[in-house]
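Below is query-v2.txt, which holds compact mmCIF, C-alpha atoms and all ligand atoms.
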# COMPACT_ATOMS: atom_id res chain seq x y z
CA MET U 19 -0.73 -23.05 12.38
CA ARG U 20 -3.70 -20.69 12.15
CA PRO U 21 -4.23 -17.74 9.88
CA ALA U 22 -4.22 -14.47 11.82
CA SER U 23 -7.56 -12.79 12.34
CA GLY U 24 -8.86 -10.12 10.03
CA GLN U 25 -7.94 -11.98 6.89
CA CYS U 26 -11.29 -13.73 6.35
CA LEU U 27 -9.38 -17.01 6.29
CA GLU U 28 -10.11 -20.15 8.21
CA TYR U 29 -9.78 -23.90 8.03
CA ARG U 30 -13.11 -25.69 7.65
CA HIS U 31 -12.95 -29.47 7.89
CA GLY U 32 -9.24 -29.21 7.27
CA GLU U 33 -9.52 -27.08 4.14
CA LEU U 34 -8.50 -23.41 3.96
CA PHE U 35 -11.35 -21.08 3.03
CA CYS U 36 -11.24 -17.44 2.01
CA GLU U 37 -14.61 -16.03 3.03
CA GLU U 38 -17.05 -18.74 1.80
CA THR U 39 -14.79 -20.14 -0.90
CA PRO U 40 -12.29 -23.01 -0.63
CA LEU U 41 -8.90 -21.81 -1.86
CA GLN U 42 -8.22 -25.20 -3.43
CA SER U 43 -11.07 -24.64 -5.89
CA ILE U 44 -9.76 -21.14 -6.68
CA ALA U 45 -6.29 -22.55 -7.41
CA GLU U 46 -7.76 -25.25 -9.63
CA ARG U 47 -9.90 -22.76 -11.54
CA TYR U 48 -7.38 -19.95 -12.05
CA GLY U 49 -4.00 -21.67 -11.68
CA THR U 50 -0.94 -20.64 -9.67
CA PRO U 51 0.85 -18.43 -8.77
CA LEU U 52 -2.26 -16.41 -8.02
CA TYR U 53 -3.07 -13.35 -5.93
CA VAL U 54 -6.34 -13.74 -4.04
CA TYR U 55 -8.02 -10.80 -2.32
CA THR U 56 -11.04 -10.71 -0.02
CA LYS U 57 -13.50 -7.91 -0.55
CA LYS U 58 -14.86 -8.32 2.95
CA ALA U 59 -11.49 -7.66 4.59
CA ILE U 60 -10.82 -4.62 2.39
CA VAL U 61 -14.19 -3.10 3.25
CA GLU U 62 -13.86 -3.97 6.95
CA ASN U 63 -10.38 -2.45 7.16
CA TYR U 64 -11.57 0.75 5.48
CA ARG U 65 -14.64 1.00 7.69
CA ALA U 66 -12.62 0.44 10.86
CA ILE U 67 -10.52 3.49 10.00
CA ARG U 68 -13.63 5.54 9.23
CA ARG U 69 -15.34 4.50 12.46
CA ASN U 70 -12.45 5.83 14.48
CA LEU U 71 -12.69 9.20 12.76
CA ASP U 72 -16.46 9.43 13.15
CA ASP U 73 -16.64 12.71 14.95
CA LEU U 74 -13.95 14.49 12.93
CA SER U 75 -14.10 16.23 9.60
CA SER U 76 -11.89 13.84 7.63
CA LEU U 77 -11.09 12.27 4.29
CA THR U 78 -9.43 8.88 3.87
CA CYS U 79 -7.38 8.82 0.68
CA TYR U 80 -6.41 5.22 -0.08
CA SER U 81 -2.77 5.09 -1.15
CA VAL U 82 -3.01 3.57 -4.62
CA LYS U 83 0.60 2.37 -4.69
CA ALA U 84 -0.14 -0.40 -2.18
CA ASN U 85 -2.43 -2.19 -4.63
CA SER U 86 -3.64 -0.40 -7.71
CA ASN U 87 -5.94 -3.03 -9.25
CA LEU U 88 -8.92 -1.19 -10.76
CA SER U 89 -11.49 -3.46 -9.10
CA ILE U 90 -9.98 -2.81 -5.69
CA LEU U 91 -9.97 0.94 -6.36
CA LYS U 92 -13.64 0.63 -7.30
CA VAL U 93 -14.50 -1.18 -4.08
CA LEU U 94 -12.91 1.66 -2.13
CA ARG U 95 -14.48 4.39 -4.25
CA ASP U 96 -17.89 2.83 -3.56
CA GLU U 97 -17.07 3.01 0.15
CA GLY U 98 -16.46 6.74 -0.22
CA ALA U 99 -12.66 6.75 -0.16
CA GLY U 100 -10.54 9.41 -1.82
CA PHE U 101 -7.15 8.52 -3.32
CA ASP U 102 -3.50 9.32 -2.73
CA ILE U 103 -1.59 9.06 -6.00
CA VAL U 104 2.10 9.45 -6.86
CA SER U 105 2.27 9.29 -10.65
CA GLY U 106 0.44 10.06 -13.86
CA GLY U 107 -0.17 6.33 -14.15
CA GLU U 108 -1.96 6.20 -10.81
CA MET U 109 -3.90 9.32 -11.79
CA ALA U 110 -5.08 7.57 -14.97
CA ARG U 111 -6.22 4.62 -12.88
CA VAL U 112 -8.32 6.65 -10.45
CA LEU U 113 -9.82 8.73 -13.26
CA LYS U 114 -10.67 5.52 -15.10
CA ILE U 115 -12.83 4.36 -12.19
CA HIS U 116 -14.44 7.82 -12.07
CA ALA U 117 -13.04 8.81 -8.71
CA ASP U 118 -14.12 12.26 -7.56
CA PRO U 119 -11.16 14.57 -8.40
CA SER U 120 -11.94 16.70 -5.35
CA ARG U 121 -10.93 13.68 -3.25
CA ILE U 122 -7.52 13.11 -4.88
CA VAL U 123 -4.20 14.21 -3.39
CA PHE U 124 -1.03 13.99 -5.47
CA SER U 125 2.16 13.19 -3.52
CA GLY U 126 5.66 12.42 -4.79
CA VAL U 127 9.08 13.98 -4.88
CA GLY U 128 9.53 13.90 -8.67
CA LYS U 129 6.36 14.98 -10.42
CA THR U 130 6.99 15.71 -14.10
CA MET U 131 5.50 18.59 -16.06
CA ASP U 132 3.06 16.24 -17.80
CA GLU U 133 1.94 14.80 -14.49
CA ILE U 134 1.40 18.27 -13.04
CA ASP U 135 -0.62 19.25 -16.12
CA ALA U 136 -2.76 16.13 -15.78
CA GLY U 137 -3.48 16.94 -12.13
CA LEU U 138 -4.35 20.56 -12.95
CA ARG U 139 -6.67 19.51 -15.75
CA ALA U 140 -8.37 16.90 -13.58
CA GLY U 141 -9.02 19.48 -10.86
CA ILE U 142 -7.62 17.45 -7.98
CA LEU U 143 -7.96 18.48 -4.33
CA MET U 144 -4.29 19.34 -3.89
CA PHE U 145 -0.70 18.76 -4.95
CA ASN U 146 1.48 17.80 -1.99
CA VAL U 147 4.52 19.81 -3.03
CA GLU U 148 7.95 18.52 -2.01
CA SER U 149 10.39 21.27 -3.12
CA GLU U 150 10.68 24.92 -4.05
CA ASP U 151 11.40 23.95 -7.67
CA GLU U 152 8.20 21.92 -7.82
CA LEU U 153 6.17 24.82 -6.45
CA PHE U 154 7.54 27.10 -9.16
CA LEU U 155 6.80 24.58 -11.88
CA LEU U 156 3.28 24.09 -10.53
CA GLU U 157 2.71 27.85 -10.62
CA ALA U 158 4.11 28.19 -14.14
CA ARG U 159 1.99 25.34 -15.51
CA ALA U 160 -1.15 26.69 -13.81
CA ARG U 161 -0.50 30.09 -15.43
CA HIS U 162 0.09 28.45 -18.79
CA LEU U 163 -3.12 26.43 -18.60
CA GLY U 164 -5.17 29.17 -16.96
CA LEU U 165 -6.10 26.88 -14.09
CA PRO U 166 -5.87 27.26 -10.31
CA ALA U 167 -3.18 25.26 -8.49
CA PRO U 168 -4.29 24.08 -5.04
CA PHE U 169 -1.34 22.90 -2.98
CA ALA U 170 -0.09 21.66 0.38
CA ILE U 171 3.53 21.70 1.41
CA ARG U 172 4.71 18.24 2.38
CA VAL U 173 6.79 19.12 5.39
CA ASN U 174 9.59 16.84 6.48
CA PRO U 175 8.94 16.85 10.24
CA ASP U 176 12.33 15.31 11.10
CA VAL U 177 10.73 12.58 13.18
CA GLU U 178 12.29 9.17 13.53
CA ALA U 179 9.96 6.24 12.87
CA GLU U 180 11.12 2.79 13.85
CA THR U 181 10.76 0.78 10.69
CA HIS U 182 12.86 -0.65 7.88
CA PRO U 183 15.32 2.05 6.68
CA TYR U 184 14.08 1.71 3.07
CA ILE U 185 10.56 2.73 4.04
CA SER U 186 11.38 5.45 6.58
CA THR U 187 10.77 8.90 5.10
CA GLY U 188 10.33 11.59 7.75
CA GLN U 189 13.85 12.66 8.62
CA THR U 190 16.08 15.35 7.13
CA ILE U 191 18.39 12.69 5.69
CA HIS U 192 15.51 11.43 3.52
CA LYS U 193 14.72 12.86 0.09
CA PHE U 194 11.08 13.55 0.95
CA GLY U 195 9.34 16.80 1.79
CA VAL U 196 10.46 20.33 2.52
CA ALA U 197 12.57 21.16 5.60
CA LYS U 198 10.53 22.79 8.37
CA GLU U 199 12.67 25.94 8.16
CA ASP U 200 11.86 26.37 4.46
CA ALA U 201 8.15 25.65 4.49
CA CYS U 202 7.04 29.10 5.73
CA GLY U 203 8.81 30.81 2.84
CA LEU U 204 6.98 28.56 0.37
CA TYR U 205 3.61 29.33 1.91
CA GLN U 206 4.40 33.06 1.67
CA ARG U 207 5.26 32.51 -1.94
CA GLY U 208 1.94 30.72 -2.45
CA ILE U 209 0.00 33.54 -0.82
CA ARG U 210 1.57 36.11 -3.17
CA SER U 211 0.86 34.05 -6.28
CA ARG U 212 -2.24 34.45 -8.42
CA GLU U 213 -2.31 30.79 -9.43
CA LEU U 214 -1.22 28.99 -6.28
CA GLN U 215 -3.90 28.34 -3.66
CA VAL U 216 -2.92 27.36 -0.12
CA ARG U 217 -5.01 24.29 0.72
CA GLY U 218 -3.16 22.23 3.27
CA VAL U 219 -0.08 20.90 4.94
CA ALA U 220 1.09 17.32 4.60
CA CYS U 221 3.64 14.83 5.91
CA HIS U 222 4.33 11.12 5.65
CA ILE U 223 6.93 9.68 7.98
CA GLY U 224 7.24 6.12 6.71
CA SER U 225 5.49 2.80 6.37
CA GLN U 226 4.71 -0.19 8.63
CA ILE U 227 5.01 1.96 11.78
CA LEU U 228 3.64 0.19 14.84
CA ASP U 229 3.96 2.92 17.44
CA VAL U 230 1.59 5.89 17.78
CA GLY U 231 4.27 8.24 19.16
CA PRO U 232 6.01 9.27 15.91
CA PHE U 233 2.66 10.03 14.22
CA LEU U 234 1.60 12.33 17.04
CA LYS U 235 4.97 14.10 16.99
CA ALA U 236 4.70 14.63 13.23
CA PHE U 237 1.11 15.79 13.60
CA GLU U 238 2.15 18.44 16.12
CA GLU U 239 4.71 19.70 13.61
CA ILE U 240 2.21 20.08 10.78
CA LEU U 241 -0.45 21.49 13.09
CA ALA U 242 1.85 24.43 13.79
CA PHE U 243 1.80 25.33 10.07
CA ALA U 244 -1.95 24.92 9.95
CA VAL U 245 -2.37 27.38 12.81
CA ALA U 246 -0.05 29.85 11.12
CA PHE U 247 -1.77 29.74 7.72
CA ARG U 248 -5.41 28.92 8.56
CA GLY U 249 -6.42 32.43 7.55
CA GLU U 250 -4.82 31.94 4.13
CA GLY U 251 -6.99 28.95 3.26
CA LEU U 252 -5.02 26.10 4.84
CA GLU U 253 -7.80 23.73 5.83
CA ASN U 254 -6.45 20.21 5.17
CA LEU U 255 -4.10 18.46 7.56
CA ASP U 256 -2.67 15.44 5.76
CA LEU U 257 -0.83 13.03 8.06
CA GLY U 258 0.03 10.55 5.29
CA GLY U 259 -0.17 6.78 5.78
CA GLY U 260 2.12 4.18 7.27
CA PHE U 261 -0.13 2.47 9.83
CA GLY U 262 1.55 -0.81 10.68
CA ILE U 263 -0.15 -4.22 10.48
CA SER U 264 0.65 -7.66 11.84
CA TYR U 265 2.71 -9.98 9.62
CA GLU U 266 4.07 -12.33 12.26
CA ASP U 267 3.29 -11.62 15.88
CA GLU U 268 3.64 -7.82 15.93
CA LYS U 269 0.86 -5.86 17.56
CA PRO U 270 -0.63 -3.70 14.80
CA LEU U 271 -0.68 0.06 15.24
CA GLU U 272 -3.48 0.94 17.65
CA PHE U 273 -5.46 3.10 15.32
CA ALA U 274 -8.09 3.99 17.93
CA LEU U 275 -5.33 5.34 20.16
CA LEU U 276 -3.89 7.36 17.29
CA ALA U 277 -7.31 8.78 16.45
CA GLU U 278 -7.79 9.78 20.09
CA GLY U 279 -4.41 11.52 20.13
CA LEU U 280 -5.22 13.41 16.94
CA LYS U 281 -8.61 14.48 18.25
CA THR U 282 -7.09 15.77 21.49
CA ARG U 283 -4.56 17.80 19.55
CA MET U 284 -7.15 19.18 17.13
CA ARG U 285 -9.66 20.16 19.76
CA GLY U 286 -11.77 23.06 18.65
CA ALA U 287 -10.01 23.47 15.32
CA THR U 288 -11.88 23.47 12.03
CA TYR U 289 -9.41 21.59 9.90
CA ARG U 290 -10.13 18.54 7.82
CA LEU U 291 -7.91 15.57 8.62
CA ILE U 292 -6.63 13.60 5.63
CA LEU U 293 -5.06 10.14 5.97
CA GLU U 294 -3.36 8.13 3.22
CA PRO U 295 -3.50 4.49 4.36
CA GLY U 296 -2.43 1.81 1.91
CA ARG U 297 -1.13 -1.29 3.69
CA SER U 298 -3.60 -1.13 6.56
CA ILE U 299 -6.49 -1.41 4.09
CA VAL U 300 -5.28 -4.10 1.69
CA GLY U 301 -2.29 -5.79 3.39
CA ASN U 302 -4.09 -8.55 5.27
CA ALA U 303 -6.79 -8.75 2.60
CA GLY U 304 -4.58 -10.54 0.09
CA LEU U 305 -2.58 -13.75 -0.21
CA LEU U 306 -0.43 -15.37 -2.84
CA LEU U 307 -1.28 -18.95 -3.76
CA THR U 308 1.62 -21.07 -4.90
CA ARG U 309 2.22 -24.74 -5.71
CA VAL U 310 5.13 -26.78 -4.43
CA LEU U 311 7.30 -27.96 -7.31
CA TYR U 312 9.99 -29.90 -5.46
CA VAL U 313 11.19 -30.60 -1.94
CA LYS U 314 14.98 -30.80 -1.62
CA ARG U 315 16.20 -32.35 1.60
CA HIS U 316 19.74 -32.24 2.88
CA PRO U 317 21.20 -32.94 6.35
CA ILE U 318 22.04 -29.27 6.86
CA LYS U 319 19.46 -27.46 4.77
CA ASN U 320 16.04 -28.15 3.25
CA PHE U 321 14.40 -26.26 0.41
CA ILE U 322 10.79 -26.14 -0.66
CA VAL U 323 10.85 -24.97 -4.27
CA VAL U 324 7.57 -23.33 -5.28
CA ASP U 325 6.18 -21.90 -8.51
CA SER U 326 6.24 -18.32 -7.19
CA GLY U 327 9.22 -16.20 -6.27
CA MET U 328 10.72 -12.76 -5.88
CA SER U 329 9.25 -11.65 -9.20
CA ASP U 330 5.75 -12.10 -7.75
CA LEU U 331 6.45 -11.05 -4.15
CA VAL U 332 9.71 -9.19 -3.63
CA ARG U 333 9.19 -8.08 -0.02
CA PRO U 334 11.16 -10.93 1.64
CA ALA U 335 14.10 -10.42 -0.74
CA LEU U 336 14.03 -6.62 -0.60
CA TYR U 337 13.29 -5.90 3.06
CA GLY U 338 13.76 -9.28 4.73
CA SER U 339 10.01 -9.19 5.41
CA PHE U 340 8.17 -12.02 7.08
CA HIS U 341 5.09 -13.56 5.43
CA GLU U 342 3.35 -16.48 7.11
CA ILE U 343 3.09 -19.50 4.79
CA ILE U 344 0.42 -22.12 5.44
CA PRO U 345 -0.78 -25.21 3.57
CA LEU U 346 -4.25 -25.31 2.05
CA ARG U 347 -4.86 -28.61 3.77
CA GLU U 348 -4.64 -28.23 7.52
CA VAL U 349 -1.68 -29.96 9.15
CA ASN U 350 -1.29 -29.60 12.86
CA ALA U 351 2.37 -30.24 13.45
CA ARG U 352 5.24 -28.23 12.07
CA ALA U 353 7.46 -30.91 10.63
CA PHE U 354 10.75 -29.57 9.40
CA ARG U 355 12.79 -26.43 8.83
CA ALA U 356 13.20 -25.22 5.29
CA ASP U 357 13.73 -22.23 3.06
CA VAL U 358 10.79 -21.60 0.77
CA VAL U 359 12.34 -20.52 -2.50
CA GLY U 360 11.29 -19.65 -6.03
CA PRO U 361 12.60 -20.75 -9.41
CA ILE U 362 14.54 -17.53 -10.07
CA CYS U 363 18.28 -17.58 -10.57
CA GLU U 364 19.22 -15.49 -7.52
CA THR U 365 20.12 -16.64 -4.03
CA GLY U 366 17.96 -13.74 -2.81
CA ASP U 367 14.93 -15.43 -4.34
CA PHE U 368 13.30 -16.63 -1.14
CA LEU U 369 9.83 -16.26 0.34
CA ALA U 370 10.82 -17.60 3.76
CA GLN U 371 14.12 -18.55 5.34
CA ASP U 372 14.79 -21.23 7.88
CA ARG U 373 11.07 -21.52 8.56
CA GLU U 374 9.38 -24.33 10.45
CA MET U 375 7.02 -25.74 7.87
CA ALA U 376 4.33 -28.34 7.71
CA GLU U 377 5.17 -31.56 5.89
CA VAL U 378 4.72 -30.80 2.20
CA ARG U 379 5.13 -32.70 -1.01
CA ALA U 380 5.41 -31.76 -4.65
CA GLY U 381 2.01 -30.68 -5.91
CA ASP U 382 0.76 -29.31 -2.57
CA LEU U 383 -0.66 -25.81 -2.44
CA LEU U 384 0.55 -23.10 -0.06
CA ALA U 385 -0.87 -19.70 0.85
CA ILE U 386 1.60 -16.88 1.44
CA LEU U 387 -0.31 -14.55 3.73
CA THR U 388 -0.62 -10.80 4.16
CA ALA U 389 0.45 -10.17 0.59
CA GLY U 390 -2.30 -7.73 -0.44
CA ALA U 391 -0.12 -4.61 -0.11
CA TYR U 392 3.05 -4.11 -2.16
CA GLY U 393 2.72 -7.64 -3.50
CA TYR U 394 1.40 -7.50 -7.04
CA ALA U 395 2.23 -3.78 -7.10
CA LEU U 396 5.95 -4.59 -6.90
CA ALA U 397 5.85 -7.67 -9.13
CA SER U 398 8.22 -7.84 -12.09
CA ASN U 399 8.88 -9.96 -15.15
CA TYR U 400 12.38 -10.97 -14.12
CA ASN U 401 13.45 -14.24 -15.79
CA THR U 402 10.64 -13.57 -18.31
CA ARG U 403 8.06 -14.65 -15.80
CA PRO U 404 4.54 -13.46 -16.61
CA ARG U 405 2.91 -11.76 -13.64
CA PRO U 406 0.25 -13.78 -11.75
CA ALA U 407 -3.51 -13.48 -12.20
CA GLU U 408 -5.55 -11.71 -9.51
CA VAL U 409 -8.88 -12.86 -8.12
CA LEU U 410 -11.33 -11.06 -5.83
CA VAL U 411 -13.40 -13.20 -3.49
CA ASP U 412 -16.80 -11.94 -2.41
CA GLY U 413 -18.50 -14.51 -0.22
CA SER U 414 -18.81 -17.64 -2.35
CA ARG U 415 -18.23 -15.75 -5.60
CA THR U 416 -14.88 -15.21 -7.26
CA GLU U 417 -14.03 -12.73 -9.96
CA LEU U 418 -10.94 -12.61 -12.12
CA ILE U 419 -9.85 -8.98 -11.66
CA GLY U 420 -6.43 -9.25 -13.28
CA PHE U 421 -5.57 -11.58 -16.16
CA ARG U 422 -2.47 -13.72 -15.97
CA GLU U 423 0.16 -12.28 -18.28
CA THR U 424 1.47 -14.50 -21.03
CA VAL U 425 4.97 -14.76 -22.43
CA GLU U 426 3.46 -13.44 -25.68
CA ASN U 427 2.30 -10.30 -23.81
CA LEU U 428 5.84 -9.77 -22.57
CA MET U 429 7.46 -10.13 -25.97
CA ALA U 430 4.81 -8.11 -27.81
CA ARG U 431 6.35 -4.78 -26.81
CA GLU U 432 9.80 -5.64 -28.16
CA ALA U 433 11.21 -5.32 -31.64
CA PHE U 434 13.47 -7.96 -33.21
N1 LIG U 501 1.49 8.31 1.51
C1 LIG U 501 2.72 8.44 1.00
C2 LIG U 501 3.19 9.78 0.61
C3 LIG U 501 3.55 7.32 0.85
O1 LIG U 501 4.77 7.46 0.35
C4 LIG U 501 3.06 6.03 1.25
C5 LIG U 501 3.90 4.84 1.09
C6 LIG U 501 1.76 5.95 1.77
C7 LIG U 501 1.00 7.10 1.89
C8 LIG U 501 1.13 4.64 2.17
O2 LIG U 501 1.82 4.02 3.20
P1 LIG U 501 1.19 2.70 3.88
O3 LIG U 501 -0.08 3.10 4.59
O4 LIG U 501 0.90 1.73 2.81
O5 LIG U 501 2.24 2.22 4.80
N2 LIG U 501 7.12 -1.26 -0.56
C9 LIG U 501 7.16 -1.08 0.88
C10 LIG U 501 6.32 0.08 1.34
C11 LIG U 501 6.62 1.40 0.66
C12 LIG U 501 5.77 2.53 1.15
C13 LIG U 501 5.93 3.74 0.30
N3 LIG U 501 5.10 4.84 0.63
C14 LIG U 501 6.79 -2.39 1.54
O6 LIG U 501 6.48 -3.35 0.84
O7 LIG U 501 6.81 -2.50 2.77

Translate this file's structure into structure tokens.
Amino acid sequence: MRPASGQCLEYRHGELFCEETPLQSIAERYGTPLYVYTKKAIVENYRAIRRNLDDLSSLTCYSVKANSNLSILKVLRDEGAGFDIVSGGEMARVLKIHADPSRIVFSGVGKTMDEIDAGLRAGILMFNVESEDELFLLEARARHLGLPAPFAIRVNPDVEAETHPYISTGQTIHKFGVAKEDACGLYQRGIRSRELQVRGVACHIGSQILDVGPFLKAFEEILAFAVAFRGEGLENLDLGGGFGISYEDEKPLEFALLAEGLKTRMRGATYRLILEPGRSIVGNAGLLLTRVLYVKRHPIKNFIVVDSGMSDLVRPALYGSFHEIIPLREVNARAFRADVVGPICETGDFLAQDREMAEVRAGDLLAILTAGAYGYALASNYNTRPRPAEVLVDGSRTELIGFRETVENLMAREAF
């Protein structure tokens, strides 16, 4: 029962540490349920991506949706990252931390007029446009505001990526992007327009993809557009994100191999490569601390009831995702099989099913691993549960980077 590498987690004298800090002391200080992130892992994950792109002109735009905490955005801004945003809310976040607008790309299939206006006013690098209607609205708003409208077409490359169907995006049956056959017409339209400026071509085929093949196929598709419209100003090749990580015993996507494949295909070209990684930067840099409330034993089924649930981490309930769960005090033997469940009134409220677990008792603390991406970001207030606090560990220092909500906070926005 060992934490996977890359998470800055290890048992020392039987106690689980995150970087130089014992998690037990963090739980005692800030309470549970609690999201804990390691700065070191975030920075290392980002730098590993950058290292592999060393000899390319490239920009890494962290995908804010994976974890949008302002302190985490700041860590990545300080490392030189750009940002991939998908809403006016995410735009407000990156502007709040003074991100450089010329390093922001705006994706998303349903941008509203207000969101488009905000992007135009901010002077972002480019709008990744996903439909003809959106391109027309972008042009109209740019004319209205007297501002230029840099854009890429997000092409749907019709490439199958082996991942959960809910997070697969690159096929014609999915709502995302513009069909290959229609993209040329939109570029022509952009070239004729006074406001629209051709800046790039984009795609994003899905998330948690472990195999390099689909990325290279998609890249070849977008490269063809880049070649066709290079003379018209198309200089950014945005391959999106989706680089898979290890939750259980999967082999993570071999990023070095992907980078090699991209370099081979780009040989001699003068494009800038843009990537939009989210999970691969923050996924294994976060965990959810929870306390055991009760252990319910039964001859045919055991339950460990904890103080966290699907409102804090919905991935197991929504996608059937696996998250390793380990005790804060090291136990060597796995002792019994149990479901780890939350207090919420839904049978789908589980964090693990039929899992071999260490012996635990009420009051014990558990760490739910690899919860840094799409953990807090997808948390809800179901059952009027305040969302957890968030703490960033930096060596032996801890910082509260997200206050725990209170029930008062939740009720304050309602009239009665
Ligand atoms: N770019 C675009 C346009 C995206 O839609 C996404 C993710 C990303 C980049 C970042 O993908 P990443 O590198 O994080 O895989 N809630 C799901 C994942 C949803 C992903 C949505 N789009 C989960 O918990 O697995």

Could you report the residues within 9 Å of ligand LIG 501 (chain U), using only C-alpha atoms and all ligand atoms, as an MDAnalysis selection string?
-> chainID U and resid 79:84 102:104 124:126 146 172 182 184:187 194 220:227 257:263 293:301 332:334 336:337 339 391:393 395:396

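Residues in contact range of U:Ser43, defined as at most 12 Å between only C-alpha atoms, with sequence neighbours fewer than 6 positions away removed, read Glu33, Leu34, Phe35, Cys36, Gly49, Thr50, Leu307, Leu346, Leu383, Val411, Ser414, Arg415 and Thr416 of chain U.
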
Selected residue of minimal separation from U:Glu272 among U:Leu228, U:Ile240, U:Ala110, U:Leu331, counting all atoms listed in the file | U:Leu228

Shell of 10 Å around U:Pro232, only C-alpha atoms, local chain residues under 5 positions omitted, as a CSV table (one decimal) with C-alpha atoms, in the coordinates of the input:
chain,number,residue,atom,x,y,z
U,175,PRO,CA,8.9,16.8,10.2
U,176,ASP,CA,12.3,15.3,11.1
U,177,VAL,CA,10.7,12.6,13.2
U,178,GLU,CA,12.3,9.2,13.5
U,179,ALA,CA,10.0,6.2,12.9
U,180,GLU,CA,11.1,2.8,13.8
U,188,GLY,CA,10.3,11.6,7.8
U,223,ILE,CA,6.9,9.7,8.0
U,224,GLY,CA,7.2,6.1,6.7
U,227,ILE,CA,5.0,2.0,11.8
U,237,PHE,CA,1.1,15.8,13.6
U,238,GLU,CA,2.2,18.4,16.1

Contact residues around U:Ile115 with only C-alpha atoms at 9 Å, ignoring same-chain residues under 5 positions, as a list in words | Leu88, Ser89, Leu91, Lys92, Arg95 and Ala110 of chain U

Pick out the residues sitting within 10 Å of stretch 130-144 of chain U, and hand them over as a PyMOL selection string; count all atoms listed in the file, and ignore anything fewer than 4 positions along from it in its own chain.
-> chain U and resi 100+104-107+109-110+113+118-126+152+155-160+162-171+215-219+254

Name the residues within 7 Å of (-8.9, -11.3, -9.1), counting only C-alpha atoms in the file's coordinates, and put them as a VMD selection string.
-> chain U and resid 53 to 55 407 to 410 417 to 420

Would you mind putting N, CA and C atoms back on stretch 271-286 of chain U and writing the result as a PDB file, keeping the file's coordinate frame?
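That gives us part00.pdb:
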ATOM      1  N   LEU U 271      -0.517  -1.296  14.702  1.00  0.00           N
ATOM      2  CA  LEU U 271      -0.680   0.060  15.240  1.00  0.00           C
ATOM      3  C   LEU U 271      -2.081   0.184  15.827  1.00  0.00           C
ATOM      4  N   GLU U 272      -2.166   0.768  17.024  1.00  0.00           N
ATOM      5  CA  GLU U 272      -3.480   0.940  17.650  1.00  0.00           C
ATOM      6  C   GLU U 272      -4.139   2.171  17.068  1.00  0.00           C
ATOM      7  N   PHE U 273      -4.915   1.963  16.046  1.00  0.00           N
ATOM      8  CA  PHE U 273      -5.460   3.100  15.320  1.00  0.00           C
ATOM      9  C   PHE U 273      -6.407   3.928  16.193  1.00  0.00           C
ATOM     10  N   ALA U 274      -7.158   3.251  17.062  1.00  0.00           N
ATOM     11  CA  ALA U 274      -8.090   3.990  17.930  1.00  0.00           C
ATOM     12  C   ALA U 274      -7.317   4.952  18.823  1.00  0.00           C
ATOM     13  N   LEU U 275      -6.158   4.498  19.291  1.00  0.00           N
ATOM     14  CA  LEU U 275      -5.330   5.340  20.160  1.00  0.00           C
ATOM     15  C   LEU U 275      -4.785   6.540  19.363  1.00  0.00           C
ATOM     16  N   LEU U 276      -4.376   6.271  18.149  1.00  0.00           N
ATOM     17  CA  LEU U 276      -3.890   7.360  17.290  1.00  0.00           C
ATOM     18  C   LEU U 276      -5.000   8.373  17.051  1.00  0.00           C
ATOM     19  N   ALA U 277      -6.183   7.875  16.726  1.00  0.00           N
ATOM     20  CA  ALA U 277      -7.310   8.780  16.450  1.00  0.00           C
ATOM     21  C   ALA U 277      -7.604   9.645  17.677  1.00  0.00           C
ATOM     22  N   GLU U 278      -7.561   9.018  18.858  1.00  0.00           N
ATOM     23  CA  GLU U 278      -7.790   9.780  20.090  1.00  0.00           C
ATOM     24  C   GLU U 278      -6.766  10.903  20.231  1.00  0.00           C
ATOM     25  N   GLY U 279      -5.500  10.546  20.013  1.00  0.00           N
ATOM     26  CA  GLY U 279      -4.410  11.520  20.130  1.00  0.00           C
ATOM     27  C   GLY U 279      -4.586  12.673  19.146  1.00  0.00           C
ATOM     28  N   LEU U 280      -5.031  12.359  17.951  1.00  0.00           N
ATOM     29  CA  LEU U 280      -5.220  13.410  16.940  1.00  0.00           C
ATOM     30  C   LEU U 280      -6.371  14.316  17.351  1.00  0.00           C
ATOM     31  N   LYS U 281      -7.442  13.687  17.846  1.00  0.00           N
ATOM     32  CA  LYS U 281      -8.610  14.480  18.250  1.00  0.00           C
ATOM     33  C   LYS U 281      -8.248  15.434  19.376  1.00  0.00           C
ATOM     34  N   THR U 282      -7.486  14.919  20.362  1.00  0.00           N
ATOM     35  CA  THR U 282      -7.090  15.770  21.490  1.00  0.00           C
ATOM     36  C   THR U 282      -6.312  16.965  20.979  1.00  0.00           C
ATOM     37  N   ARG U 283      -5.404  16.706  20.043  1.00  0.00           N
ATOM     38  CA  ARG U 283      -4.560  17.800  19.550  1.00  0.00           C
ATOM     39  C   ARG U 283      -5.319  18.775  18.662  1.00  0.00           C
ATOM     40  N   MET U 284      -6.403  18.311  18.052  1.00  0.00           N
ATOM     41  CA  MET U 284      -7.150  19.180  17.130  1.00  0.00           C
ATOM     42  C   MET U 284      -8.280  19.934  17.811  1.00  0.00           C
ATOM     43  N   ARG U 285      -8.470  19.648  19.072  1.00  0.00           N
ATOM     44  CA  ARG U 285      -9.660  20.160  19.760  1.00  0.00           C
ATOM     45  C   ARG U 285     -10.045  21.573  19.344  1.00  0.00           C
ATOM     46  N   GLY U 286     -11.258  21.714  18.938  1.00  0.00           N
ATOM     47  CA  GLY U 286     -11.770  23.060  18.650  1.00  0.00           C
ATOM     48  C   GLY U 286     -11.388  23.572  17.275  1.00  0.00           C
TER      49      GLY U 286
END
